[in-house]
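Only one structure is covered here, and it is reproduced in the block below.
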Amino acid sequence: MAEKFFEMMNMKKQDCPGIIYQLDNAGKINYINDNVNSYGYDPEKLKGKSIFQLVHPEDKEKARYRLNERRTGKRKTSSFKVRLLTNNQQQNTSLKPYSNNRIFLLDAEGIYNSGKNKDFLGTIGIAKDISMFDLNYASSVEKNKMIIDILESLTHPLYIIDAENYEIKLANTAANFGNLSSNRKCYKVTHKRDVPCDGNSHPCPLQMIKASGKPVKVEHIHFDRAGKKRIFEIHGYPLFNDAGKVARIIEYSIDITEKKENERAIKLLEEELFQAQKMESIGRLSGGIAHDFNNILTGIMGYADILKINANDNVIGNSQELEEIIKLTERASNLTNQLLSFARKKKPKFSPIKIEDVLEDSFKVVEKSLNKNTEVIKDKSNEEMIITGDKNQLMQVFTNLFINANHAMPEGGSLKISSSSFEIDKKFHTRFTCLPPGEYVKIAVTDTGCGMSEDTIIKIFEPFFTTKGSEGTGLGLSIVYGIIKNHGGCINVFSKPEGGTTFEVYFERINEECVLESENKSLKSGKGTILVVDDEHDVRYSLDKLLTFLDYKIVATSSGEDALRMINDIRYPALIILDIIIPGTDTLDIFQKIRTINPEQKVLLISGYNKNGIVKKLLEKGANGFIQKPFTLPDISESIHNILSTDI
């Protein structure tokens with residue numbers, strides 16, 4: 001029968017490239033050629049055995065179907081792929097699919113007798129080893145397994161989406177999508193939406209790829225399985241069908257939530273650093289201006305006091321104009337003190353004060369300038385609320401807020417001023433991170449004006465930022481912010497365009513009683529020589545006249561070195577009034593030399609600044625007192641009297 005096969009195939013036996021076999025009608029081997037030797041089999045020992053013993057276990061069913069149907073003619077088996085086992089693999093039933101097996105291409109045909117019934121006699125065929133030529137077939141399962149292993153090795157989500165129906169066709173474990181059997185739409189899984197993402201507010205990578213046919217990169221907000229928002233960087237790639245149309249897309253997602261949060265934190269730190277540097281620079285400028293201005297004010301106050309002393313009681317001494325000069329000078333002094341507070345050169349003069357008194361006095365300052373169509377609502381607390389603070393500085397806070405509210409309502413409106421007690425407990429502490437838990441006084445200033453956008457709210461406390469154009473300086477709210485912070489308080493802003501604005505200010509509430517200071521201080525005269533050391537002529541001149549009026553003998557100089565020479569000449573003055581900032585002079589060195597000349601020398605420090613670093617060092621080294629410029633005659637007379645009446 002084998003010879004008949006060669007006749008049928010029109011080839012010689014020795015030229016056959018494959019395994020020739022002939023089976024009986026039960027599938028047992030009647031004949032198999034010597035080429036089977038290459039696979040470890042003895043042809044003689046195979047006779048009588050089932051051909052299916054040579055077939056890989058996973059391929060036996062399809063082999064039986066193809067070889068036992070008695071196919072012939074046009075229905076004969078042709079180009080049928082099957083795995084056959086080598087002799088050393090026959091007993092190994094744990095073989096990996098397509099691993100180290102030989103792949104054969106079978107051509108077979110049923111053989112029948114020539115009788116009337118044409119009984120089936122068996123099958124004759126040839127098996128060609130195509131293992132080296134059919135790598136795709138031989139390794140398809142291995143390749144699939146390798147692809148799955150690669151996908152699962154990725155630590156970031158990767159999934160494939162159908163471009164037509166938005167269904168997720170494949171996803172790795174890192175995607176954490178869970179069971180997709182009932183819900184495979186990408187917008188449902190990742191966005192909790194019932195419709196695809198909107199292309200404007202939330203661009204859809206699939207839609208973008210379909211429109212351009214090119215890869216895209218977008219930032220998206222996805223919801224995890226717990227419903228929490230996560231920010232992802234989506235890399236989308238198109239997969240085309242044979243017609244060149246986008247059929248599917250691959251999305252590779254990188255969770256950048258922490259990265260974005262870190263970037264925001266870094267940006268905030270950079271903004272805070274920039275703000276701090278800007279405030280520091282402005283602080284230096286403000287401090288320098290305030291210092292120089294205080295020197296000028298000291299001269300003005302001194303000259304005004306001199307006029308009061310020397311003037312005829314009926315003409316100048318009681319004149320309203322002179323009193324107004326003194327009042328205006330005191331107001332200017334308060335302004336410079338605010339600049340010094342802004343520059344951190346002056347600490348507030350704290351004392352217990354009633355917050356209602358501060359609000360009432362602040363309102364009186366701006367009352368006449370309010371729009372006639374503005375309704376003022378005062379919602380006072382029934383409780384007496386006391387805080388610790390500097391009344392002049394706090395008045396500056398609220399007059400600024402009242403004026404700003406009035407400007408926000410050019411056509412009139414409603415201005416509400418309210419005060420109440422407020423407790424910050426652990427529950428509210430998350431809202432007021434700038435304040436520790438405790439009892440506070442809450443003051444709210446609310447207007448019905450034009451309001452502000454979020455971008456404006458962010459900037460309103462920045463120095464020189466203003467929404468008033470050329471009419472505004474941009475310093476009002478920055479000073480307000482600085483004063484409140486210096487008082488250990490907190491300020492919040494709530495506003496929206498055309499929706500009015502509310503400023504809420506919080507200060508720690510105390511239980512101490514409020515003791516008002518007496519504004520009428522008596523002049524205290526004395527005896528002895530006072531050496532005044534100050535580089536400002538007006539300061540030296542006014543001190544000379546004022547202290548002479550108090551019966552002191554005055555000697556003055558603008559130089560620290562001259563002062564050292566004069567100490568011996570006047571045989572030790574009773575007191576040296578020493579300005580701490582004299583150009584070209586090391587005040588600390590001068591003070592030490594003064595004490596070397598006379599260890600018991602009394603020294604009163606004066607400055608346009610408050611107690612800065614130099615003042616503290618000098619006081620630690622034994623200076624007897626400090627008074628800030630500008631000062632009035634009663635102030636300086638009291639300081640001198642206190643020092644001279646006290647033993648070192």
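In the structure tokens, the first chain shown is A, the next is B, and so on; residue numbers restart at 1 for each chain, and ligands run from 1 in the order shown.
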
Residues near Thr190 in chain A, cut-off 9 Å, only C-alpha atoms, skip fewer than 3 positions along chain, as a PDB file with N, CA, C and O atoms, in the first residue's frame:
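Wrote it out as selection-v5.pdb, contents follow:
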ATOM      1  N   PHE A 177      -9.205  47.224  38.395  1.00  0.00           N
ATOM      2  CA  PHE A 177     -10.588  47.432  37.971  1.00  0.00           C
ATOM      3  C   PHE A 177     -11.548  46.420  38.591  1.00  0.00           C
ATOM      4  O   PHE A 177     -12.756  46.606  38.554  1.00  0.00           O
ATOM      5  N   LYS A 185     -17.466  49.523  30.315  1.00  0.00           N
ATOM      6  CA  LYS A 185     -17.301  50.843  29.718  1.00  0.00           C
ATOM      7  C   LYS A 185     -16.242  51.622  30.501  1.00  0.00           C
ATOM      8  O   LYS A 185     -16.317  51.729  31.724  1.00  0.00           O
ATOM      9  N   CYS A 186     -15.273  52.194  29.781  1.00  0.00           N
ATOM     10  CA  CYS A 186     -14.160  52.871  30.456  1.00  0.00           C
ATOM     11  C   CYS A 186     -14.638  54.046  31.293  1.00  0.00           C
ATOM     12  O   CYS A 186     -14.135  54.299  32.393  1.00  0.00           O
ATOM     13  N   TYR A 187     -15.621  54.798  30.799  1.00  0.00           N
ATOM     14  CA  TYR A 187     -16.072  55.975  31.537  1.00  0.00           C
ATOM     15  C   TYR A 187     -16.844  55.590  32.799  1.00  0.00           C
ATOM     16  O   TYR A 187     -16.896  56.350  33.753  1.00  0.00           O
ATOM     17  N   ARG A 193     -19.117  57.712  35.430  1.00  0.00           N
ATOM     18  CA  ARG A 193     -20.051  58.479  34.607  1.00  0.00           C
ATOM     19  C   ARG A 193     -20.955  57.528  33.836  1.00  0.00           C
ATOM     20  O   ARG A 193     -20.616  56.371  33.601  1.00  0.00           O
ATOM     21  N   ILE A 221      -8.556  62.954  35.807  1.00  0.00           N
ATOM     22  CA  ILE A 221      -8.934  62.554  37.160  1.00  0.00           C
ATOM     23  C   ILE A 221      -9.713  61.250  37.055  1.00  0.00           C
ATOM     24  O   ILE A 221     -10.753  61.189  36.406  1.00  0.00           O
ATOM     25  N   HIS A 222      -9.191  60.192  37.649  1.00  0.00           N
ATOM     26  CA  HIS A 222      -9.882  58.912  37.719  1.00  0.00           C
ATOM     27  C   HIS A 222     -10.341  58.674  39.150  1.00  0.00           C
ATOM     28  O   HIS A 222      -9.740  59.174  40.101  1.00  0.00           O
ATOM     29  N   PHE A 223     -11.392  57.881  39.279  1.00  0.00           N
ATOM     30  CA  PHE A 223     -11.881  57.484  40.591  1.00  0.00           C
ATOM     31  C   PHE A 223     -11.477  56.035  40.837  1.00  0.00           C
ATOM     32  O   PHE A 223     -11.708  55.172  39.997  1.00  0.00           O
ATOM     33  N   ASP A 224     -10.842  55.790  41.977  1.00  0.00           N
ATOM     34  CA  ASP A 224     -10.482  54.409  42.282  1.00  0.00           C
ATOM     35  C   ASP A 224     -11.714  53.649  42.754  1.00  0.00           C
ATOM     36  O   ASP A 224     -12.826  54.194  42.816  1.00  0.00           O
ATOM     37  N   ARG A 225     -11.542  52.382  43.114  1.00  0.00           N
ATOM     38  CA  ARG A 225     -12.692  51.541  43.466  1.00  0.00           C
ATOM     39  C   ARG A 225     -13.385  52.025  44.737  1.00  0.00           C
ATOM     40  O   ARG A 225     -14.545  51.737  44.974  1.00  0.00           O
TER      41      ARG A 225
END

Worksheet item: range 154-168 of chain A: which residues within 8 Å, counting only C-alpha atoms, same-chain residues fewer than 5 positions away excluded, as a ChimeraX atom specification?
Response: /A:173-176,184-187,206,210,246-255

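Nearest-residue note for Leu543 in chain A: choosing from A:Asp305, A:Asp242, A:Asp59, A:Glu508, the minimum distance belongs to A:Asp305, counting only C-alpha atoms.
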
Determine which residues of range 581-638 of chain A DSSP labels as alpha helix (DSSP H) from the backbone of this structure, then write them out as a tab-separated table (two decimals) with all heavy atoms, in the first residue's frame.
chain	number	residue	atom	x	y	z
A	587	THR	N	27.65	102.40	68.17
A	587	THR	CA	27.02	102.77	69.44
A	587	THR	C	27.42	101.83	70.57
A	587	THR	O	27.64	102.28	71.71
A	587	THR	CB	25.49	102.78	69.28
A	587	THR	OG1	25.15	103.54	68.11
A	587	THR	CG2	24.82	103.41	70.49
A	588	LEU	N	27.50	100.54	70.28
A	588	LEU	CA	27.88	99.57	71.31
A	588	LEU	C	29.29	99.86	71.82
A	588	LEU	O	29.55	99.83	73.03
A	588	LEU	CB	27.79	98.15	70.74
A	588	LEU	CG	28.01	97.00	71.72
A	588	LEU	CD1	26.98	97.05	72.85
A	588	LEU	CD2	27.94	95.67	71.00
A	589	ASP	N	30.19	100.20	70.91
A	589	ASP	CA	31.57	100.52	71.30
A	589	ASP	C	31.62	101.81	72.12
A	589	ASP	O	32.33	101.89	73.13
A	589	ASP	CB	32.43	100.66	70.03
A	589	ASP	CG	33.87	101.01	70.35
A	589	ASP	OD1	34.53	100.20	71.04
A	589	ASP	OD2	34.32	102.08	69.92
A	590	ILE	N	30.84	102.83	71.70
A	590	ILE	CA	30.80	104.10	72.43
A	590	ILE	C	30.29	103.87	73.85
A	590	ILE	O	30.81	104.42	74.84
A	590	ILE	CB	29.91	105.12	71.69
A	590	ILE	CG1	30.58	105.55	70.37
A	590	ILE	CG2	29.63	106.34	72.56
A	590	ILE	CD1	31.89	106.29	70.55
A	591	PHE	N	29.23	103.05	73.99
A	591	PHE	CA	28.66	102.78	75.31
A	591	PHE	C	29.70	102.11	76.22
A	591	PHE	O	29.83	102.47	77.40
A	591	PHE	CB	27.43	101.89	75.18
A	591	PHE	CG	26.81	101.52	76.50
A	591	PHE	CD1	25.99	102.41	77.17
A	591	PHE	CD2	27.07	100.29	77.09
A	591	PHE	CE1	25.43	102.08	78.40
A	591	PHE	CE2	26.53	99.95	78.31
A	591	PHE	CZ	25.71	100.84	78.97
A	592	GLN	N	30.42	101.13	75.69
A	592	GLN	CA	31.42	100.44	76.50
A	592	GLN	C	32.54	101.40	76.94
A	592	GLN	O	33.03	101.32	78.07
A	592	GLN	CB	31.99	99.25	75.71
A	592	GLN	CG	30.98	98.12	75.53
A	592	GLN	CD	31.49	97.02	74.61
A	592	GLN	OE1	32.30	97.28	73.73
A	592	GLN	NE2	31.00	95.81	74.82
A	593	LYS	N	32.92	102.33	76.04
A	593	LYS	CA	33.96	103.30	76.39
A	593	LYS	C	33.45	104.29	77.44
A	593	LYS	O	34.21	104.72	78.32
A	593	LYS	CB	34.42	104.04	75.14
A	593	LYS	CG	35.24	103.16	74.20
A	593	LYS	CD	35.65	103.93	72.94
A	593	LYS	CE	36.51	103.05	72.03
A	593	LYS	NZ	36.89	103.74	70.78
A	594	ILE	N	32.15	104.63	77.33
A	594	ILE	CA	31.55	105.52	78.35
A	594	ILE	C	31.64	104.85	79.71
A	594	ILE	O	32.04	105.48	80.71
A	594	ILE	CB	30.09	105.84	78.00
A	594	ILE	CG1	30.02	106.78	76.78
A	594	ILE	CG2	29.37	106.47	79.19
A	594	ILE	CD1	28.61	107.00	76.26
A	595	ARG	N	31.29	103.56	79.78
A	595	ARG	CA	31.32	102.85	81.05
A	595	ARG	C	32.75	102.61	81.55
A	595	ARG	O	32.99	102.45	82.74
A	595	ARG	CB	30.57	101.51	80.92
A	595	ARG	CG	29.05	101.68	80.99
A	595	ARG	CD	28.66	102.25	82.37
A	595	ARG	NE	27.26	102.55	82.50
A	595	ARG	CZ	26.32	101.67	82.82
A	595	ARG	NH1	26.65	100.41	83.03
A	595	ARG	NH2	25.08	102.05	82.94
A	596	THR	N	33.70	102.58	80.61
A	596	THR	CA	35.11	102.48	81.02
A	596	THR	C	35.56	103.77	81.71
A	596	THR	O	36.26	103.74	82.73
A	596	THR	CB	36.01	102.20	79.81
A	596	THR	OG1	35.60	100.97	79.19
A	596	THR	CG2	37.47	102.09	80.22
A	597	ILE	N	35.12	104.91	81.15
A	597	ILE	CA	35.46	106.20	81.75
A	597	ILE	C	34.78	106.34	83.11
A	597	ILE	O	35.39	106.77	84.09
A	597	ILE	CB	35.04	107.36	80.81
A	597	ILE	CG1	35.83	107.28	79.50
A	597	ILE	CG2	35.24	108.72	81.48
A	597	ILE	CD1	35.35	108.25	78.43
A	613	GLY	N	17.69	94.85	68.08
A	613	GLY	CA	18.79	94.07	68.63
A	613	GLY	C	19.82	94.89	69.37
A	613	GLY	O	20.31	94.48	70.43
A	614	ILE	N	20.16	96.09	68.84
A	614	ILE	CA	21.18	96.93	69.49
A	614	ILE	C	20.69	97.41	70.85
A	614	ILE	O	21.43	97.39	71.84
A	614	ILE	CB	21.54	98.13	68.59
A	614	ILE	CG1	22.12	97.65	67.26
A	614	ILE	CG2	22.53	99.05	69.30
A	614	ILE	CD1	22.42	98.76	66.28
A	615	VAL	N	19.42	97.83	70.90
A	615	VAL	CA	18.86	98.31	72.16
A	615	VAL	C	18.90	97.21	73.21
A	615	VAL	O	19.30	97.43	74.37
A	615	VAL	CB	17.42	98.81	71.96
A	615	VAL	CG1	16.78	99.15	73.30
A	615	VAL	CG2	17.39	100.03	71.05
A	616	LYS	N	18.52	96.00	72.83
A	616	LYS	CA	18.52	94.89	73.78
A	616	LYS	C	19.92	94.62	74.31
A	616	LYS	O	20.10	94.39	75.51
A	616	LYS	CB	17.95	93.64	73.10
A	616	LYS	CG	16.46	93.72	72.83
A	616	LYS	CD	15.94	92.45	72.17
A	616	LYS	CE	14.45	92.55	71.91
A	616	LYS	NZ	13.94	91.33	71.24
A	617	LYS	N	20.90	94.65	73.43
A	617	LYS	CA	22.28	94.41	73.87
A	617	LYS	C	22.74	95.49	74.84
A	617	LYS	O	23.39	95.20	75.85
A	617	LYS	CB	23.21	94.36	72.66
A	617	LYS	CG	23.07	93.09	71.82
A	617	LYS	CD	24.04	93.10	70.66
A	617	LYS	CE	23.90	91.85	69.82
A	617	LYS	NZ	24.82	91.85	68.66
A	618	LEU	N	22.41	96.74	74.52
A	618	LEU	CA	22.82	97.85	75.39
A	618	LEU	C	22.12	97.79	76.75
A	618	LEU	O	22.74	98.06	77.79
A	618	LEU	CB	22.53	99.19	74.71
A	618	LEU	CG	23.41	99.52	73.49
A	618	LEU	CD1	22.89	100.75	72.77
A	618	LEU	CD2	24.85	99.72	73.90
A	619	LEU	N	20.86	97.41	76.76
A	619	LEU	CA	20.14	97.27	78.03
A	619	LEU	C	20.73	96.12	78.85
A	619	LEU	O	20.83	96.19	80.07
A	619	LEU	CB	18.65	97.05	77.79
A	619	LEU	CG	17.88	98.26	77.23
A	619	LEU	CD1	16.45	97.87	76.86
A	619	LEU	CD2	17.85	99.41	78.25
A	620	GLU	N	21.09	95.03	78.15
A	620	GLU	CA	21.71	93.90	78.85
A	620	GLU	C	23.06	94.28	79.45
A	620	GLU	O	23.47	93.75	80.48
A	620	GLU	CB	21.88	92.72	77.88
A	620	GLU	CG	20.56	92.06	77.50
A	620	GLU	CD	20.73	91.06	76.37
A	620	GLU	OE1	21.88	90.91	75.88
A	620	GLU	OE2	19.73	90.43	75.98
A	633	LEU	N	7.12	116.03	75.89
A	633	LEU	CA	7.84	116.55	77.05
A	633	LEU	C	7.50	115.76	78.33
A	633	LEU	O	8.41	115.40	79.07
A	633	LEU	CB	7.55	118.04	77.23
A	633	LEU	CG	8.26	118.73	78.41
A	633	LEU	CD1	9.77	118.57	78.30
A	633	LEU	CD2	7.86	120.21	78.48
A	634	PRO	N	6.22	115.46	78.59
A	634	PRO	CA	5.93	114.66	79.78
A	634	PRO	C	6.60	113.27	79.74
A	634	PRO	O	7.06	112.77	80.76
A	634	PRO	CB	4.40	114.53	79.76
A	634	PRO	CG	3.94	115.74	79.02
A	634	PRO	CD	4.97	115.95	77.95
A	635	ASP	N	6.65	112.65	78.54
A	635	ASP	CA	7.26	111.33	78.42
A	635	ASP	C	8.74	111.37	78.76
A	635	ASP	O	9.24	110.57	79.56
A	635	ASP	CB	7.08	110.79	76.99
A	635	ASP	CG	5.64	110.44	76.68
A	635	ASP	OD1	4.90	110.12	77.63
A	635	ASP	OD2	5.25	110.47	75.49
A	636	ILE	N	9.47	112.31	78.18
A	636	ILE	CA	10.92	112.36	78.40
A	636	ILE	C	11.23	112.80	79.82
A	636	ILE	O	12.19	112.32	80.44
A	636	ILE	CB	11.60	113.28	77.35
A	636	ILE	CG1	13.12	113.14	77.41
A	636	ILE	CG2	11.19	114.73	77.55
A	636	ILE	CD1	13.63	111.83	76.91
A	637	SER	N	10.40	113.69	80.36
A	637	SER	CA	10.65	114.16	81.74
A	637	SER	C	10.47	113.02	82.73
A	637	SER	O	11.23	112.88	83.69
A	637	SER	CB	9.72	115.33	82.09
A	637	SER	OG	8.40	114.90	82.26
A	638	GLU	N	9.46	112.16	82.49
A	638	GLU	CA	9.22	111.03	83.38
A	638	GLU	C	10.34	110.01	83.29
A	638	GLU	O	10.80	109.48	84.31
A	638	GLU	CB	7.88	110.36	83.05
A	638	GLU	CG	7.53	109.23	83.99
A	638	GLU	CD	6.16	108.64	83.71
A	638	GLU	OE1	5.61	108.89	82.60
A	638	GLU	OE2	5.64	107.93	84.58

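The two atoms in question, CA of Gly122 in chain A and CA of Gly110 in chain A, are spaced 5.9 Å apart.
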
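Proximity to Arg540 in chain A at 10 Å, evaluated using only C-alpha atoms and with sequence-adjacent residues fewer than 3 positions away removed, yields Thr298, Gly299, Gly302, Leu531, Val532, Val533, Asp534, Asp535, Glu536, His537, Leu543, Asp544, Lys545, Ile554, Val555, Ala556, Thr557 and Ser558 of chain A.
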
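Excluding Ile627 in chain A itself and any same-chain residue fewer than 4 positions from it, the protein and nucleic acid residues within 8 Å of it, counting only C-alpha atoms, are Leu604, Leu605, Ile606, Ser607, Phe631, Ile636 and Ser639 of chain A.
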
Just the selected residues (all heavy atoms), exported as a PDB file, in the first residue's frame, please.
ATOM      1  N   LEU A 604      20.422 106.981  79.035  1.00  0.00           N
ATOM      2  CA  LEU A 604      19.073 106.789  78.507  1.00  0.00           C
ATOM      3  C   LEU A 604      19.174 106.678  76.984  1.00  0.00           C
ATOM      4  O   LEU A 604      19.680 107.589  76.322  1.00  0.00           O
ATOM      5  CB  LEU A 604      18.160 107.958  78.895  1.00  0.00           C
ATOM      6  CG  LEU A 604      16.768 107.986  78.245  1.00  0.00           C
ATOM      7  CD1 LEU A 604      15.950 106.761  78.639  1.00  0.00           C
ATOM      8  CD2 LEU A 604      16.023 109.279  78.605  1.00  0.00           C
ATOM      9  N   LEU A 605      18.692 105.579  76.424  1.00  0.00           N
ATOM     10  CA  LEU A 605      18.751 105.358  74.977  1.00  0.00           C
ATOM     11  C   LEU A 605      17.511 105.940  74.308  1.00  0.00           C
ATOM     12  O   LEU A 605      16.396 105.830  74.835  1.00  0.00           O
ATOM     13  CB  LEU A 605      18.835 103.854  74.678  1.00  0.00           C
ATOM     14  CG  LEU A 605      19.962 103.071  75.367  1.00  0.00           C
ATOM     15  CD1 LEU A 605      19.800 101.580  75.098  1.00  0.00           C
ATOM     16  CD2 LEU A 605      21.331 103.564  74.888  1.00  0.00           C
ATOM     17  N   ILE A 606      17.715 106.534  73.131  1.00  0.00           N
ATOM     18  CA  ILE A 606      16.590 107.009  72.322  1.00  0.00           C
ATOM     19  C   ILE A 606      16.790 106.526  70.891  1.00  0.00           C
ATOM     20  O   ILE A 606      17.918 106.324  70.434  1.00  0.00           O
ATOM     21  CB  ILE A 606      16.455 108.552  72.355  1.00  0.00           C
ATOM     22  CG1 ILE A 606      17.722 109.225  71.798  1.00  0.00           C
ATOM     23  CG2 ILE A 606      16.128 109.046  73.754  1.00  0.00           C
ATOM     24  CD1 ILE A 606      17.586 110.740  71.653  1.00  0.00           C
ATOM     25  N   SER A 607      15.655 106.309  70.160  1.00  0.00           N
ATOM     26  CA  SER A 607      15.770 105.850  68.772  1.00  0.00           C
ATOM     27  C   SER A 607      14.439 105.998  68.065  1.00  0.00           C
ATOM     28  O   SER A 607      13.375 105.985  68.696  1.00  0.00           O
ATOM     29  CB  SER A 607      16.211 104.382  68.727  1.00  0.00           C
ATOM     30  OG  SER A 607      16.217 103.906  67.386  1.00  0.00           O
ATOM     31  N   PHE A 631       8.758 111.576  71.123  1.00  0.00           N
ATOM     32  CA  PHE A 631       8.253 111.569  72.492  1.00  0.00           C
ATOM     33  C   PHE A 631       7.824 112.983  72.870  1.00  0.00           C
ATOM     34  O   PHE A 631       8.297 113.975  72.326  1.00  0.00           O
ATOM     35  CB  PHE A 631       9.319 111.067  73.468  1.00  0.00           C
ATOM     36  CG  PHE A 631      10.694 111.581  73.173  1.00  0.00           C
ATOM     37  CD1 PHE A 631      11.057 112.889  73.470  1.00  0.00           C
ATOM     38  CD2 PHE A 631      11.634 110.749  72.585  1.00  0.00           C
ATOM     39  CE1 PHE A 631      12.332 113.358  73.200  1.00  0.00           C
ATOM     40  CE2 PHE A 631      12.905 111.220  72.314  1.00  0.00           C
ATOM     41  CZ  PHE A 631      13.272 112.521  72.617  1.00  0.00           C
ATOM     42  N   ILE A 636       9.466 112.308  78.178  1.00  0.00           N
ATOM     43  CA  ILE A 636      10.917 112.359  78.397  1.00  0.00           C
ATOM     44  C   ILE A 636      11.231 112.802  79.820  1.00  0.00           C
ATOM     45  O   ILE A 636      12.187 112.320  80.439  1.00  0.00           O
ATOM     46  CB  ILE A 636      11.603 113.285  77.353  1.00  0.00           C
ATOM     47  CG1 ILE A 636      13.125 113.138  77.412  1.00  0.00           C
ATOM     48  CG2 ILE A 636      11.193 114.729  77.548  1.00  0.00           C
ATOM     49  CD1 ILE A 636      13.626 111.827  76.906  1.00  0.00           C
ATOM     50  N   SER A 639      10.828 109.723  82.082  1.00  0.00           N
ATOM     51  CA  SER A 639      11.920 108.762  81.913  1.00  0.00           C
ATOM     52  C   SER A 639      13.187 109.242  82.611  1.00  0.00           C
ATOM     53  O   SER A 639      13.871 108.469  83.300  1.00  0.00           O
ATOM     54  CB  SER A 639      12.194 108.539  80.419  1.00  0.00           C
ATOM     55  OG  SER A 639      11.099 107.930  79.794  1.00  0.00           O
TER      56      SER A 639
END

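The shortest atom-to-atom distance to Thr374 in chain A, with only C-alpha atoms taken into account, belongs to A:Ser414 out of A:Ser414, A:Asp562, A:Leu401, A:Ser351.
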
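Minimum atom-to-atom distance to Ala108 in chain A, evaluated using only C-alpha atoms, belongs to A:Ser79 out of A:Ser79, A:Asn87, A:Ile640, A:Ile510.
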
Discussion item. List the spatial neighbours of Pro630 in chain A as a list of chain:residue names - criterion: any atom at most 8 Å away, only C-alpha atoms, same-chain residues fewer than 6 positions off excluded.
Written reply: A:Asn294, A:Asn295, A:Leu297, A:Thr298, A:Met301, A:Ser333, A:Gly608

Please produce an output containing all heavy atoms for each residue in the selection, written as a PDB file, in the first residue's frame.
ATOM      1  N   ASN A 294      10.438 109.519  62.304  1.00  0.00           N
ATOM      2  CA  ASN A 294      10.312 109.717  63.750  1.00  0.00           C
ATOM      3  C   ASN A 294      11.281 110.779  64.256  1.00  0.00           C
ATOM      4  O   ASN A 294      10.978 111.520  65.199  1.00  0.00           O
ATOM      5  CB  ASN A 294      10.547 108.397  64.488  1.00  0.00           C
ATOM      6  CG  ASN A 294       9.278 107.572  64.582  1.00  0.00           C
ATOM      7  OD1 ASN A 294       8.180 108.082  64.417  1.00  0.00           O
ATOM      8  ND2 ASN A 294       9.424 106.285  64.831  1.00  0.00           N
ATOM      9  N   ASN A 295      12.458 110.853  63.651  1.00  0.00           N
ATOM     10  CA  ASN A 295      13.399 111.916  64.009  1.00  0.00           C
ATOM     11  C   ASN A 295      12.801 113.285  63.709  1.00  0.00           C
ATOM     12  O   ASN A 295      12.913 114.228  64.498  1.00  0.00           O
ATOM     13  CB  ASN A 295      14.720 111.740  63.258  1.00  0.00           C
ATOM     14  CG  ASN A 295      15.628 110.719  63.924  1.00  0.00           C
ATOM     15  OD1 ASN A 295      15.624 110.606  65.150  1.00  0.00           O
ATOM     16  ND2 ASN A 295      16.385 109.998  63.141  1.00  0.00           N
ATOM     17  N   LEU A 297       9.573 113.974  63.415  1.00  0.00           N
ATOM     18  CA  LEU A 297       8.441 114.203  64.313  1.00  0.00           C
ATOM     19  C   LEU A 297       8.907 114.605  65.711  1.00  0.00           C
ATOM     20  O   LEU A 297       8.233 115.385  66.403  1.00  0.00           O
ATOM     21  CB  LEU A 297       7.574 112.937  64.392  1.00  0.00           C
ATOM     22  CG  LEU A 297       6.772 112.593  63.138  1.00  0.00           C
ATOM     23  CD1 LEU A 297       6.054 111.262  63.328  1.00  0.00           C
ATOM     24  CD2 LEU A 297       5.757 113.693  62.826  1.00  0.00           C
ATOM     25  N   THR A 298      10.032 114.060  66.139  1.00  0.00           N
ATOM     26  CA  THR A 298      10.568 114.443  67.448  1.00  0.00           C
ATOM     27  C   THR A 298      10.861 115.938  67.484  1.00  0.00           C
ATOM     28  O   THR A 298      10.562 116.636  68.471  1.00  0.00           O
ATOM     29  CB  THR A 298      11.846 113.647  67.755  1.00  0.00           C
ATOM     30  OG1 THR A 298      11.544 112.257  67.716  1.00  0.00           O
ATOM     31  CG2 THR A 298      12.400 114.004  69.128  1.00  0.00           C
ATOM     32  N   MET A 301       7.427 117.834  67.447  1.00  0.00           N
ATOM     33  CA  MET A 301       6.807 117.792  68.781  1.00  0.00           C
ATOM     34  C   MET A 301       7.559 118.684  69.762  1.00  0.00           C
ATOM     35  O   MET A 301       6.956 119.384  70.586  1.00  0.00           O
ATOM     36  CB  MET A 301       6.798 116.348  69.305  1.00  0.00           C
ATOM     37  CG  MET A 301       5.656 115.496  68.777  1.00  0.00           C
ATOM     38  SD  MET A 301       5.565 113.921  69.669  1.00  0.00           S
ATOM     39  CE  MET A 301       4.018 113.294  69.043  1.00  0.00           C
ATOM     40  N   SER A 333       2.804 110.050  64.373  1.00  0.00           N
ATOM     41  CA  SER A 333       3.605 109.116  65.163  1.00  0.00           C
ATOM     42  C   SER A 333       2.968 107.733  65.174  1.00  0.00           C
ATOM     43  O   SER A 333       3.655 106.709  65.080  1.00  0.00           O
ATOM     44  CB  SER A 333       3.755 109.642  66.587  1.00  0.00           C
ATOM     45  OG  SER A 333       4.439 108.702  67.397  1.00  0.00           O
ATOM     46  N   GLY A 608      14.523 106.121  66.738  1.00  0.00           N
ATOM     47  CA  GLY A 608      13.314 106.101  65.912  1.00  0.00           C
ATOM     48  C   GLY A 608      12.747 104.703  65.791  1.00  0.00           C
ATOM     49  O   GLY A 608      11.593 104.511  65.411  1.00  0.00           O
TER      50      GLY A 608
END

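Minimum atom-to-atom distance to Ala304 in chain A, evaluated using only C-alpha atoms, belongs to A:Leu546 out of A:Ala332, A:Ile130, A:Glu504, A:Leu546.
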